[in-house]
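**Student:** Okay, here's the structure, questions in a sec.
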Amino acid sequence: MSRRGVARKDRVPYLDGRVIEEHAEQLLGEWALKHGEVALPVPLDDLVEMHLGLDYEIDDLCGQFGSRDVLGAIWFGDRVICIDASLDPTENPHLLGRFNFTLAHEIAHWWLHRQHLMDDPSAAPLFEKGGEPAFVCRSSAKPREEWQADHFAGCLLMPRRMLRKEWAKWHGSDEPVALTDLDIVDHHGDRQANENMAMERFCKPLAERFAASAQAMRIRLQSLELLVKEKEPGLF
């Protein structure tokens with residue numbers, strides 16, 4: 001007889017991807033109403049500090065939590081976001097995209113999840129000054145709230161309308177690019193990894209325009225069906 005584990009209690013309710021994108025667009029819209037049209041790259045520092053009234057720090061989170069995969073954390077009570085020092089773009093400029101995505105991910109927790117935890121009496125310490133962080137974000141674990149924050153981060157860093165406009169300028173048309181059009185190099189026999197690497201090499205210049213990582217840009221373009229496995233046959 002098979003054994004079933006105890007179901008994990010989700011900390012936040014289900015949100016559809018499109019609803020999450022609408023939340024990111026709302027945040028950008030609020031910024032635009034106060035400060036004018038959003039420019040590229042999206043001004044995350046100003047969104048955090050000027051619009052949301054939060055502070056953010058760079059510190060040794062991995063050391064603090066005794067784990068090498070901790071990237072970010074947020075303290076609701078102190079209104080503080082912290083990013084691990086390993087992603088500091090001043091020390092590691094090539095990690096700017098990962099730093100920005102992690103910062104956008106923590107913004108997502110504030111924007112999407114703060115109210116749900118405020119309504120949970122067991123989460124009260126997360127809102128008390130000096131309490132435990134509401135979320136500790138790791139590179140490995142992806143429960144519901146982490147997937148939601150990742151999706152929000154992609155939508156915030158690479159807004160749909162702006163990305164489609166930049167894609168058309170960069171690519172020369174608004175048509176999608178198929179994997180079959182790219183040069184796929186077999187590095188280690190892992191087909192999926194090789195395909196992802198080919199797509200990321202291709203979209204890296206566009207990622208730099210948004211100060212995003214090539215990986216984040218690849219995922220966003222796939223979600224918008226601008227990078228596809230193969231093109232639909234045309235109608236003749």
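Residues are named by chain letter and number: chains run A, B, ... in the order of the structure tokens, numbers start at 1 in each chain, and ligands are numbered from 1 in the order shown.
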Which residues are close to stretch 141-147 of chain A, i.e. within 12 Å by only C-alpha atoms, leaving aside same-chain residues fewer than 2 positions away? Reply as a tab-separated table (two decimals) with C-alpha atoms, in the first residue's frame.
**Tutor:**
```
chain	number	residue	atom	x	y	z
A	8	ARG	CA	1.88	21.11	2.74
A	9	LYS	CA	-0.14	24.10	3.94
A	10	ASP	CA	0.32	26.92	1.45
A	11	ARG	CA	1.13	30.26	3.04
A	12	VAL	CA	-0.51	32.26	0.26
A	13	PRO	CA	-3.52	31.69	-2.03
A	14	TYR	CA	-3.26	30.59	-5.64
A	15	LEU	CA	-2.77	33.36	-8.20
A	16	ASP	CA	-2.97	32.91	-11.94
A	17	GLY	CA	0.07	34.06	-13.92
A	20	ILE	CA	0.37	38.28	-11.10
A	69	ASP	CA	21.74	28.96	-1.45
A	70	VAL	CA	20.11	31.93	0.35
A	71	LEU	CA	19.73	34.81	-2.11
A	72	GLY	CA	17.37	37.23	-0.41
A	73	ALA	CA	15.12	37.87	2.57
A	102	THR	CA	16.36	38.87	-6.64
A	104	ALA	CA	12.36	42.30	-7.84
A	105	HIS	CA	11.50	38.93	-6.26
A	106	GLU	CA	11.58	40.49	-2.77
A	107	ILE	CA	9.45	43.40	-4.00
A	108	ALA	CA	6.95	40.75	-5.10
A	109	HIS	CA	6.73	39.31	-1.60
A	110	TRP	CA	5.95	42.78	-0.24
A	111	TRP	CA	3.40	43.55	-2.94
A	112	LEU	CA	1.68	40.16	-3.23
A	113	HIS	CA	2.02	38.44	0.13
A	114	ARG	CA	2.24	40.96	2.94
A	116	HIS	CA	-2.12	37.54	3.46
A	117	LEU	CA	0.39	37.06	6.27
A	134	ALA	CA	8.83	36.77	6.42
A	135	PHE	CA	10.50	34.96	3.53
A	136	VAL	CA	13.95	33.52	3.06
A	137	CYS	CA	14.42	33.04	-0.66
A	138	ARG	CA	16.69	30.25	-1.81
A	139	SER	CA	17.95	29.21	-5.22
A	149	ALA	CA	7.46	36.02	-6.68
A	150	ASP	CA	9.60	34.75	-9.56
A	151	HIS	CA	6.81	35.38	-12.07
A	152	PHE	CA	6.14	38.86	-10.67
A	153	ALA	CA	9.87	39.65	-10.85
A	154	GLY	CA	10.02	38.71	-14.53
```
**Student:** Could you please write out, as JSON, numbers by chain, every residue of stretch 35-189 of chain A that DSSP assigns to strand (DSSP E or B)?
**Tutor:** {"A": [55, 56, 57, 58, 59, 70, 71, 72, 73, 74, 75, 80, 81, 82, 83, 84, 135, 136, 137, 138, 177, 178]}
**Student:** Figure out the distance between atom CA of A:Arg18 and atom CA of A:Arg218, please, to one decimal in Å.
**Tutor:**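 The value is 18.1 Å.
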**Student:** Please provide the set of residues having any atom within 12 Å of A:Asp181, restricted to only C-alpha atoms, with same-chain residues fewer than 5 positions apart removed, written as a ChimeraX atom specification.
**Tutor:** /A:176,195,198-199,202,227-231
**Student:** Considering only C-alpha atoms, tabulate each residue of stretch 16-57 of chain A that lies at most 10 Å from stretch 210-215 of chain A along with its nearest interatomic pair and the corresponding distance in Å to one decimal; arrange the rows by chain and ascending residue number and present them as CSV.
**Tutor:**
```
residue,atom,partner,partner_atom,distance
A:Ala39,CA,A:Phe210,CA,9.7
A:Leu40,CA,A:Phe210,CA,6.1
A:Pro41,CA,A:Phe210,CA,4.7
A:Val42,CA,A:Phe210,CA,7.2
```
**Student:** For the selection just defined, write its residues with C-alpha atoms to a file, as a PDB file, in the first residue's frame.
**Tutor:**
```pdb
ATOM      1  CA  ALA A  39      12.443  54.086 -18.548  1.00  0.00           C
ATOM      2  CA  LEU A  40      14.702  51.106 -19.140  1.00  0.00           C
ATOM      3  CA  PRO A  41      16.076  49.485 -17.184  1.00  0.00           C
ATOM      4  CA  VAL A  42      13.196  49.573 -14.699  1.00  0.00           C
TER       5      VAL A  42
END
```
**Student:** If you run DSSP on the backbone here, which positions in stretch 27-109 of chain A get alpha helix (DSSP H)? Please write them as a compact mmCIF listing (two decimals) with N, CA and C atoms, in the first residue's frame.
**Tutor:**
```
# COMPACT_ATOMS: atom_id res chain seq x y z
N LEU A 27 1.89 48.18 -10.18
CA LEU A 27 2.99 48.86 -9.49
C LEU A 27 3.70 49.82 -10.43
N LEU A 28 3.99 49.38 -11.65
CA LEU A 28 4.64 50.24 -12.62
C LEU A 28 3.74 51.42 -13.00
N GLY A 29 2.45 51.17 -13.08
CA GLY A 29 1.51 52.24 -13.39
C GLY A 29 1.47 53.31 -12.31
N GLU A 30 1.51 52.87 -11.05
CA GLU A 30 1.55 53.84 -9.95
C GLU A 30 2.81 54.70 -10.02
N TRP A 31 3.92 54.05 -10.32
CA TRP A 31 5.18 54.79 -10.45
C TRP A 31 5.08 55.82 -11.58
N ALA A 32 4.53 55.40 -12.72
CA ALA A 32 4.44 56.28 -13.88
C ALA A 32 3.55 57.49 -13.60
N LEU A 33 2.47 57.29 -12.84
CA LEU A 33 1.58 58.41 -12.53
C LEU A 33 2.30 59.49 -11.72
N LYS A 34 3.22 59.07 -10.86
CA LYS A 34 3.93 60.02 -10.00
C LYS A 34 5.19 60.58 -10.64
N HIS A 35 5.86 59.75 -11.46
CA HIS A 35 7.20 60.13 -11.91
C HIS A 35 7.37 60.14 -13.43
N LEU A 44 14.51 49.86 -10.17
CA LEU A 44 14.13 49.09 -8.99
C LEU A 44 14.49 49.81 -7.69
N ASP A 45 15.68 50.42 -7.65
CA ASP A 45 16.09 51.13 -6.44
C ASP A 45 15.05 52.17 -6.04
N ASP A 46 14.60 52.96 -7.01
CA ASP A 46 13.63 54.01 -6.73
C ASP A 46 12.26 53.43 -6.38
N LEU A 61 23.87 36.91 3.87
CA LEU A 61 22.72 36.10 4.27
C LEU A 61 23.09 34.62 4.36
N CYS A 62 23.94 34.17 3.46
CA CYS A 62 24.33 32.76 3.49
C CYS A 62 24.97 32.41 4.83
N GLY A 63 25.84 33.29 5.31
CA GLY A 63 26.45 33.08 6.61
C GLY A 63 25.43 33.17 7.74
N GLN A 64 24.52 34.12 7.62
CA GLN A 64 23.52 34.33 8.66
C GLN A 64 22.61 33.13 8.83
N PHE A 65 22.24 32.51 7.69
CA PHE A 65 21.31 31.39 7.75
C PHE A 65 22.00 30.03 7.61
N LEU A 96 24.75 41.48 -12.22
CA LEU A 96 23.73 42.53 -12.10
C LEU A 96 22.34 41.99 -12.39
N GLY A 97 22.20 41.18 -13.42
CA GLY A 97 20.89 40.64 -13.76
C GLY A 97 20.31 39.79 -12.64
N ARG A 98 21.12 38.94 -12.04
CA ARG A 98 20.64 38.10 -10.93
C ARG A 98 20.30 38.94 -9.71
N PHE A 99 21.12 39.96 -9.46
CA PHE A 99 20.83 40.87 -8.34
C PHE A 99 19.48 41.54 -8.55
N ASN A 100 19.26 42.09 -9.75
CA ASN A 100 18.00 42.78 -10.02
C ASN A 100 16.81 41.85 -9.91
N PHE A 101 16.96 40.62 -10.41
CA PHE A 101 15.85 39.68 -10.33
C PHE A 101 15.54 39.35 -8.87
N THR A 102 16.58 39.18 -8.06
CA THR A 102 16.36 38.87 -6.64
C THR A 102 15.69 40.03 -5.93
N LEU A 103 16.11 41.26 -6.23
CA LEU A 103 15.48 42.43 -5.63
C LEU A 103 14.02 42.52 -6.06
N ALA A 104 13.74 42.28 -7.34
CA ALA A 104 12.36 42.30 -7.84
C ALA A 104 11.53 41.19 -7.19
N HIS A 105 12.15 40.05 -6.93
CA HIS A 105 11.50 38.93 -6.26
C HIS A 105 11.08 39.33 -4.84
N GLU A 106 11.94 40.04 -4.12
CA GLU A 106 11.58 40.49 -2.77
C GLU A 106 10.50 41.56 -2.81
N ILE A 107 10.54 42.43 -3.81
CA ILE A 107 9.45 43.40 -4.00
C ILE A 107 8.13 42.65 -4.15
N ALA A 108 8.16 41.54 -4.88
CA ALA A 108 6.95 40.75 -5.10
C ALA A 108 6.37 40.24 -3.78
```
